[in-house]
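For reference, data.cif is printed below; it contains mmCIF, C-alpha atoms.
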```
data_entry
#
loop_
_atom_site.group_PDB
_atom_site.id
_atom_site.type_symbol
_atom_site.label_atom_id
_atom_site.label_comp_id
_atom_site.auth_asym_id
_atom_site.auth_seq_id
_atom_site.Cartn_x
_atom_site.Cartn_y
_atom_site.Cartn_z
ATOM 1 C CA MET A 1 8.293 8.880 8.972
ATOM 2 C CA GLN A 2 9.116 12.534 8.635
ATOM 3 C CA GLN A 3 8.051 14.693 11.564
ATOM 4 C CA SER A 4 6.232 17.917 10.820
ATOM 5 C CA GLY A 5 5.969 21.181 12.726
ATOM 6 C CA THR A 6 2.253 22.021 12.543
ATOM 7 C CA ALA A 7 -0.060 21.292 15.467
ATOM 8 C CA ARG A 8 -2.104 18.902 13.330
ATOM 9 C CA ASP A 9 0.954 16.986 12.196
ATOM 10 C CA GLY A 10 2.272 16.966 15.755
ATOM 11 C CA ILE A 11 -0.866 15.117 16.799
ATOM 12 C CA LEU A 12 -0.442 12.671 13.909
ATOM 13 C CA ASP A 13 3.175 12.139 14.938
ATOM 14 C CA ALA A 14 1.956 11.353 18.464
ATOM 15 C CA ALA A 15 -0.642 8.913 17.098
ATOM 16 C CA GLN A 16 2.083 7.123 15.150
ATOM 17 C CA ARG A 17 4.261 6.858 18.239
ATOM 18 C CA VAL A 18 1.370 5.393 20.234
ATOM 19 C CA ALA A 19 0.663 2.882 17.448
ATOM 20 C CA ALA A 20 4.324 1.886 17.160
ATOM 21 C CA ARG A 21 4.903 1.583 20.909
ATOM 22 C CA ASP A 22 1.592 0.285 22.267
ATOM 23 C CA GLY A 23 -0.195 -1.251 19.280
ATOM 24 C CA ALA A 24 -3.189 -0.402 17.123
ATOM 25 C CA GLY A 25 -5.785 -0.927 19.855
ATOM 26 C CA HIS A 26 -4.251 1.819 21.992
ATOM 27 C CA VAL A 27 -4.605 4.611 19.444
ATOM 28 C CA THR A 28 -7.302 6.516 21.337
ATOM 29 C CA LEU A 29 -7.969 10.236 21.576
ATOM 30 C CA ASP A 30 -6.939 10.272 25.245
ATOM 31 C CA ALA A 31 -3.714 8.362 24.614
ATOM 32 C CA VAL A 32 -2.787 10.545 21.675
ATOM 33 C CA ALA A 33 -3.521 13.720 23.653
ATOM 34 C CA ARG A 34 -1.200 12.560 26.440
ATOM 35 C CA GLU A 35 1.509 11.624 23.967
ATOM 36 C CA ALA A 36 1.224 14.951 22.136
ATOM 37 C CA GLY A 37 1.173 16.944 25.373
ATOM 38 C CA VAL A 38 -2.110 18.635 24.523
ATOM 39 C CA SER A 39 -5.619 18.485 25.904
ATOM 40 C CA LYS A 40 -8.183 16.107 24.470
ATOM 41 C CA GLY A 41 -9.984 19.210 23.254
ATOM 42 C CA GLY A 42 -6.841 20.137 21.337
ATOM 43 C CA VAL A 43 -6.975 16.802 19.556
ATOM 44 C CA LEU A 44 -10.704 17.140 18.903
ATOM 45 C CA TYR A 45 -10.149 20.570 17.371
ATOM 46 C CA HIS A 46 -8.226 18.934 14.518
ATOM 47 C CA PHE A 47 -9.808 15.456 14.590
ATOM 48 C CA PRO A 48 -13.436 15.289 15.790
ATOM 49 C CA GLY A 49 -13.213 11.549 16.509
ATOM 50 C CA LYS A 50 -11.001 8.493 16.340
ATOM 51 C CA ASP A 51 -12.105 7.756 12.766
ATOM 52 C CA ALA A 52 -10.978 11.229 11.723
ATOM 53 C CA LEU A 53 -7.631 10.665 13.444
ATOM 54 C CA ILE A 54 -7.100 7.340 11.660
ATOM 55 C CA ALA A 55 -8.187 8.953 8.387
ATOM 56 C CA GLY A 56 -5.585 11.661 8.960
ATOM 57 C CA MET A 57 -2.885 9.047 9.518
ATOM 58 C CA LEU A 58 -3.891 7.263 6.317
ATOM 59 C CA GLU A 59 -4.054 10.510 4.368
ATOM 60 C CA ARG A 60 -0.492 11.371 5.347
ATOM 61 C CA LEU A 61 0.737 7.837 4.645
ATOM 62 C CA ILE A 62 -0.785 7.989 1.151
ATOM 63 C CA ALA A 63 0.701 11.450 0.565
ATOM 64 C CA GLU A 64 4.177 10.169 1.448
ATOM 65 C CA PHE A 65 3.685 7.139 -0.797
ATOM 66 C CA GLU A 66 2.496 9.320 -3.678
ATOM 67 C CA ALA A 67 5.429 11.685 -3.228
ATOM 68 C CA GLY A 68 7.827 8.747 -3.387
ATOM 69 C CA ILE A 69 6.226 7.516 -6.603
ATOM 70 C CA ALA A 70 6.390 10.991 -8.155
ATOM 71 C CA ARG A 71 10.094 11.371 -7.332
ATOM 72 C CA ARG A 72 10.940 7.998 -8.818
ATOM 73 C CA ARG A 73 8.739 8.482 -11.875
ATOM 74 C CA ALA A 74 10.725 11.643 -12.641
ATOM 75 C CA GLU A 75 13.960 9.717 -12.125
ATOM 76 C CA TYR A 76 12.867 6.924 -14.470
ATOM 77 C CA ALA A 77 11.389 9.268 -17.111
ATOM 78 C CA GLY A 78 12.574 8.402 -20.595
ATOM 79 C CA GLY A 79 12.977 4.732 -19.741
ATOM 80 C CA LEU A 80 10.585 1.823 -20.043
ATOM 81 C CA ASN A 81 7.529 1.707 -17.756
ATOM 82 C CA PRO A 82 8.525 4.562 -15.410
ATOM 83 C CA SER A 83 5.264 4.475 -13.419
ATOM 84 C CA LEU A 84 5.422 0.720 -12.849
ATOM 85 C CA ARG A 85 9.055 0.895 -11.778
ATOM 86 C CA ALA A 86 8.259 3.820 -9.480
ATOM 87 C CA MET A 87 5.396 1.934 -7.839
ATOM 88 C CA ILE A 88 7.527 -1.151 -7.207
ATOM 89 C CA ALA A 89 10.302 0.979 -5.682
ATOM 90 C CA ALA A 90 7.808 2.867 -3.507
ATOM 91 C CA CYS A 91 6.323 -0.408 -2.217
ATOM 92 C CA SER A 92 9.815 -1.554 -1.277
ATOM 93 C CA CYS A 93 10.460 1.676 0.633
ATOM 94 C CA MET A 94 7.095 1.361 2.417
ATOM 95 C CA CYS A 95 8.559 -1.669 4.185
ATOM 96 C CA ASP A 96 10.641 0.847 6.149
ATOM 97 C CA VAL A 97 7.457 2.310 7.684
ATOM 98 C CA GLU A 98 6.902 1.087 11.230
ATOM 99 C CA ARG A 99 4.564 -1.898 10.965
ATOM 100 C CA PRO A 100 2.272 -0.925 13.871
ATOM 101 C CA VAL A 101 1.490 2.403 12.197
ATOM 102 C CA ALA A 102 0.212 0.655 9.075
ATOM 103 C CA MET A 103 -1.481 -1.990 11.223
ATOM 104 C CA ALA A 104 -3.380 0.703 13.127
ATOM 105 C CA ILE A 105 -4.768 1.981 9.850
ATOM 106 C CA LEU A 106 -5.656 -1.491 8.564
ATOM 107 C CA ALA A 107 -7.279 -2.449 11.861
ATOM 108 C CA ALA A 108 -9.428 0.670 11.811
ATOM 109 C CA GLY A 109 -10.296 0.013 8.178
ATOM 110 C CA ALA A 110 -11.540 -3.449 9.105
ATOM 111 C CA GLN A 111 -13.936 -1.855 11.598
ATOM 112 C CA ASN A 112 -14.996 0.913 9.219
ATOM 113 C CA PRO A 113 -14.202 0.078 5.563
ATOM 114 C CA ASP A 114 -15.182 3.606 4.522
ATOM 115 C CA LEU A 115 -11.897 4.805 6.035
ATOM 116 C CA LEU A 116 -10.030 2.952 3.293
ATOM 117 C CA ALA A 117 -11.820 4.795 0.467
ATOM 118 C CA PRO A 118 -8.843 7.135 -0.176
ATOM 119 C CA LEU A 119 -6.555 4.109 -0.459
ATOM 120 C CA ARG A 120 -8.891 2.433 -2.949
ATOM 121 C CA SER A 121 -8.996 5.665 -4.950
ATOM 122 C CA SER A 122 -5.202 5.936 -4.953
ATOM 123 C CA ILE A 123 -4.831 2.358 -6.196
ATOM 124 C CA GLY A 124 -7.363 3.043 -8.955
ATOM 125 C CA VAL A 125 -5.408 6.082 -10.149
ATOM 126 C CA HIS A 126 -2.208 4.049 -10.286
ATOM 127 C CA LEU A 127 -3.833 1.257 -12.263
ATOM 128 C CA ASP A 128 -5.160 3.830 -14.748
ATOM 129 C CA GLN A 129 -1.609 5.155 -15.137
ATOM 130 C CA LEU A 130 -0.289 1.666 -15.819
ATOM 131 C CA ALA A 131 -3.058 0.972 -18.338
ATOM 132 C CA ALA A 132 -2.191 4.164 -20.227
ATOM 133 C CA GLU A 133 1.568 3.687 -20.097
ATOM 134 C CA CYS A 134 2.346 -0.020 -20.396
ATOM 135 C CA ALA A 135 2.109 -2.032 -23.598
ATOM 136 C CA ASP A 136 0.798 -5.002 -21.608
ATOM 137 C CA PRO A 137 -1.346 -3.580 -18.763
ATOM 138 C CA ASP A 138 -2.236 -7.020 -17.375
ATOM 139 C CA ARG A 139 1.429 -7.871 -16.914
ATOM 140 C CA ALA A 140 1.996 -4.492 -15.276
ATOM 141 C CA PHE A 141 -0.965 -5.041 -12.937
ATOM 142 C CA LEU A 142 0.436 -8.438 -11.931
ATOM 143 C CA LEU A 143 3.890 -7.021 -11.177
ATOM 144 C CA CYS A 144 2.347 -4.182 -9.198
ATOM 145 C CA ALA A 145 0.143 -6.633 -7.284
ATOM 146 C CA ALA A 146 3.196 -8.749 -6.486
ATOM 147 C CA ALA A 147 4.943 -5.669 -5.055
ATOM 148 C CA ASP A 148 1.834 -4.875 -3.014
ATOM 149 C CA GLY A 149 1.823 -8.461 -1.752
ATOM 150 C CA LEU A 150 5.430 -8.272 -0.572
ATOM 151 C CA MET A 151 4.686 -4.978 1.146
ATOM 152 C CA PHE A 152 1.574 -6.282 2.917
ATOM 153 C CA HIS A 153 3.360 -9.493 3.927
ATOM 154 C CA HIS A 154 5.773 -7.237 5.783
ATOM 155 C CA ILE A 155 3.107 -4.952 7.256
ATOM 156 C CA LEU A 156 1.038 -7.882 8.518
ATOM 157 C CA GLY A 157 4.079 -9.749 9.797
ATOM 158 C CA ILE A 158 3.220 -12.901 7.848
ATOM 159 C CA ALA A 159 6.175 -13.083 5.436
ATOM 160 C CA PRO A 160 7.762 -16.581 5.481
ATOM 161 C CA TYR A 161 11.069 -15.053 4.360
ATOM 162 C CA ASP A 162 13.579 -12.625 5.816
ATOM 163 C CA ALA A 163 14.378 -9.028 4.863
ATOM 164 C CA ALA A 164 17.273 -10.061 2.636
ATOM 165 C CA GLN A 165 15.043 -12.292 0.534
ATOM 166 C CA ARG A 166 12.377 -9.578 0.385
ATOM 167 C CA THR A 167 15.030 -7.221 -0.989
ATOM 168 C CA ARG A 168 15.973 -9.781 -3.637
ATOM 169 C CA LEU A 169 12.336 -10.289 -4.613
ATOM 170 C CA PHE A 170 11.774 -6.571 -5.006
ATOM 171 C CA ALA A 171 14.950 -6.366 -7.102
ATOM 172 C CA ARG A 172 13.611 -9.171 -9.308
ATOM 173 C CA LEU A 173 10.311 -7.329 -9.775
ATOM 174 C CA ALA A 174 12.181 -4.135 -10.620
ATOM 175 C CA ALA A 175 14.225 -5.973 -13.239
ATOM 176 C CA MET A 176 11.089 -7.518 -14.746
ATOM 177 C CA ALA A 177 9.471 -4.077 -14.936
ATOM 178 C CA GLU A 178 12.392 -2.880 -17.082
ATOM 179 C CA GLU A 179 12.007 -5.740 -19.551
ATOM 180 C CA PRO A 180 10.014 -5.178 -22.759
ATOM 181 C CA ASP A 181 6.582 -6.776 -22.775
ATOM 182 C CA ALA A 182 6.421 -10.043 -24.676
ATOM 183 C CA PRO A 183 4.088 -9.616 -27.649
ATOM 184 C CA VAL A 184 0.888 -11.651 -27.689
ATOM 185 C CA ARG A 185 0.418 -13.321 -31.063
ATOM 186 C CA PRO A 186 -2.832 -12.289 -32.788
ATOM 187 C CA GLY A 187 -5.534 -14.907 -32.399
ATOM 188 C CA LYS A 188 -3.658 -16.751 -29.650
ATOM 189 C CA ALA A 189 -5.926 -17.435 -26.694
ATOM 190 C CA LEU A 190 -4.452 -16.859 -23.265
ATOM 191 C CA ALA A 191 -4.797 -19.710 -20.787
ATOM 192 C CA THR A 192 -5.327 -17.466 -17.796
ATOM 193 C CA ASP A 193 -9.094 -17.831 -17.583
ATOM 194 C CA ALA A 194 -9.214 -21.618 -17.418
ATOM 195 C CA PRO A 195 -8.213 -22.112 -13.758
ATOM 196 C CA TYR A 196 -10.713 -19.496 -12.601
ATOM 197 C CA ASN A 197 -13.518 -20.979 -14.645
ATOM 198 C CA THR A 198 -12.664 -24.417 -13.266
ATOM 199 C CA CYS A 199 -12.731 -23.153 -9.688
ATOM 200 C CA ALA A 200 -16.021 -21.373 -10.266
ATOM 201 C CA GLN A 201 -17.534 -24.545 -11.704
ATOM 202 C CA GLU A 202 -16.257 -26.592 -8.752
ATOM 203 C CA ALA A 203 -17.810 -24.099 -6.362
ATOM 204 C CA ARG A 204 -21.145 -24.366 -8.158
ATOM 205 C CA ASP A 205 -20.921 -28.178 -8.084
ATOM 206 C CA ASP A 206 -20.225 -28.116 -4.346
ATOM 207 C CA ASN A 207 -23.303 -25.997 -3.762
ATOM 208 C CA ASP A 208 -25.605 -28.238 -5.789
#
```
Translate the structure of the given file into structure tokens.
Amino acid sequence: MQQSGTARDGILDAAQRVAARDGAGHVTLDAVAREAGVSKGGVLYHFPGKDALIAGMLERLIAEFEAGIARRRAEYAGGLNPSLRAMIAACSCMCDVERPVAMAILAAGAQNPDLLAPLRSSIGVHLDQLAAECADPDRAFLLCAAADGLMFHHILGIAPYDAAQRTRLFARLAAMAEEPDAPVRPGKALATDAPYNTCAQEARDDND
């Protein structure tokens, strides 16, 4: 991640180093103060508690992600599905972020889900963009969700494939995003609901 020169960003840089080196559980105000070379009061001046510090880390992570999407959307302007392609590319680049940094944010979010509100809002904005831009929003949502899945597999360290295969999968998603949407014939029912209805019915039967 890019280092910044302000005192606030210096503290966030220190928090990221602690997360990357020592793990999510060690991102404390005291540890970050030592890493940043400032007093605990100096940390508290910018971040009045650990939740605020984690929120600051997430805020900057989202800002970097959004900036990456904006750059790529401008690059893809004039082509098919520029926002979708930009989101897939940005998810691929997010795999270069140090995993413990993202894990620190996710771990804190599990303890306090309110911290993830900005992330939920960001995802909602992106889905609105896809709905407005893509001829088949459902297909776009699925491709975007697949890119998110590859990214989170990496962040959580649960991917059953190596980096080379992840690169190929992202390339496949990118290629699919450039393909025209297949038209849905009028009056043709989609089969997508059936498996979910079946599962829901099975769940009800199990509870009877």
Write out as a tab-separated table the residues of stretch 13-116 of chain A that have any atom within 8 Å of an atom of stretch 130-138 of chain A, one row each with the nearest atom pair and its distance in Å to one decimal, counting only C-alpha atoms, sorted by chain and then rising number.
```
residue	atom	partner	partner_atom	distance
A:Asn81	CA	A:Cys134	CA	6.1
A:Ser83	CA	A:Leu130	CA	6.7
A:Leu84	CA	A:Leu130	CA	6.5
```
For this session: Could you check how far atom CA of A:Ala86 sits from atom CA of A:Ile69, in Å to one decimal?
Result: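 Going from atom CA of A:Ala86 over to atom CA of A:Ile69, I get 5.1 Å.
Computed from the coordinates, the atom CA of A:Val32 to atom CA of A:Ala15 distance equals 5.3 Å.
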Exercise. Quick one: residues within 7 Å of stretch 39-50 of chain A, all atoms listed in the file counted, chain neighbours fewer than 4 positions away excluded, as a PyMOL selection string?
Worked result: chain A and resi 8+11+28-30+33+54
For this session: Quick one: apply the PyMOL selection byres ((chain A and resi 152-154) around 12) to the file and drop the selected residues here as a ChimeraX atom specification.
Result: /A:91-100,102-103,106,145-151,155-163,165-167
Exercise. What gap, in Å, lies between atom CA of A:Leu143 and atom CA of A:Ala104?
Worked result: 26.5 Å
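Counting all atoms listed in the file and comparing A:Leu116, A:Met87, A:Ile62, A:Ala55, the residue that lies closest to A:Phe170 is A:Met87.
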For this session: Rank A:Leu169, A:Ala14, A:Leu127, A:Val38 by their smallest atom-to-atom distance to A:Ala140, using only C-alpha atoms, and report the top residue only.
Result: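 Closest to A:Ala140 of all the choices is A:Leu127.
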Problem set entry | Nearest to A:Leu58 by atom-to-atom distance, counting all atoms listed in the file, from A:Leu12, A:Ala24, A:Ala70, A:Leu142 |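 Closest to A:Leu58, using all atoms listed in the file: A:Leu12.
Considering the residues A:Arg139, A:Asp51, A:Glu66, A:Glu59 and counting all atoms listed in the file, A:Ala90 has its shortest atom-to-atom contact with A:Glu66.
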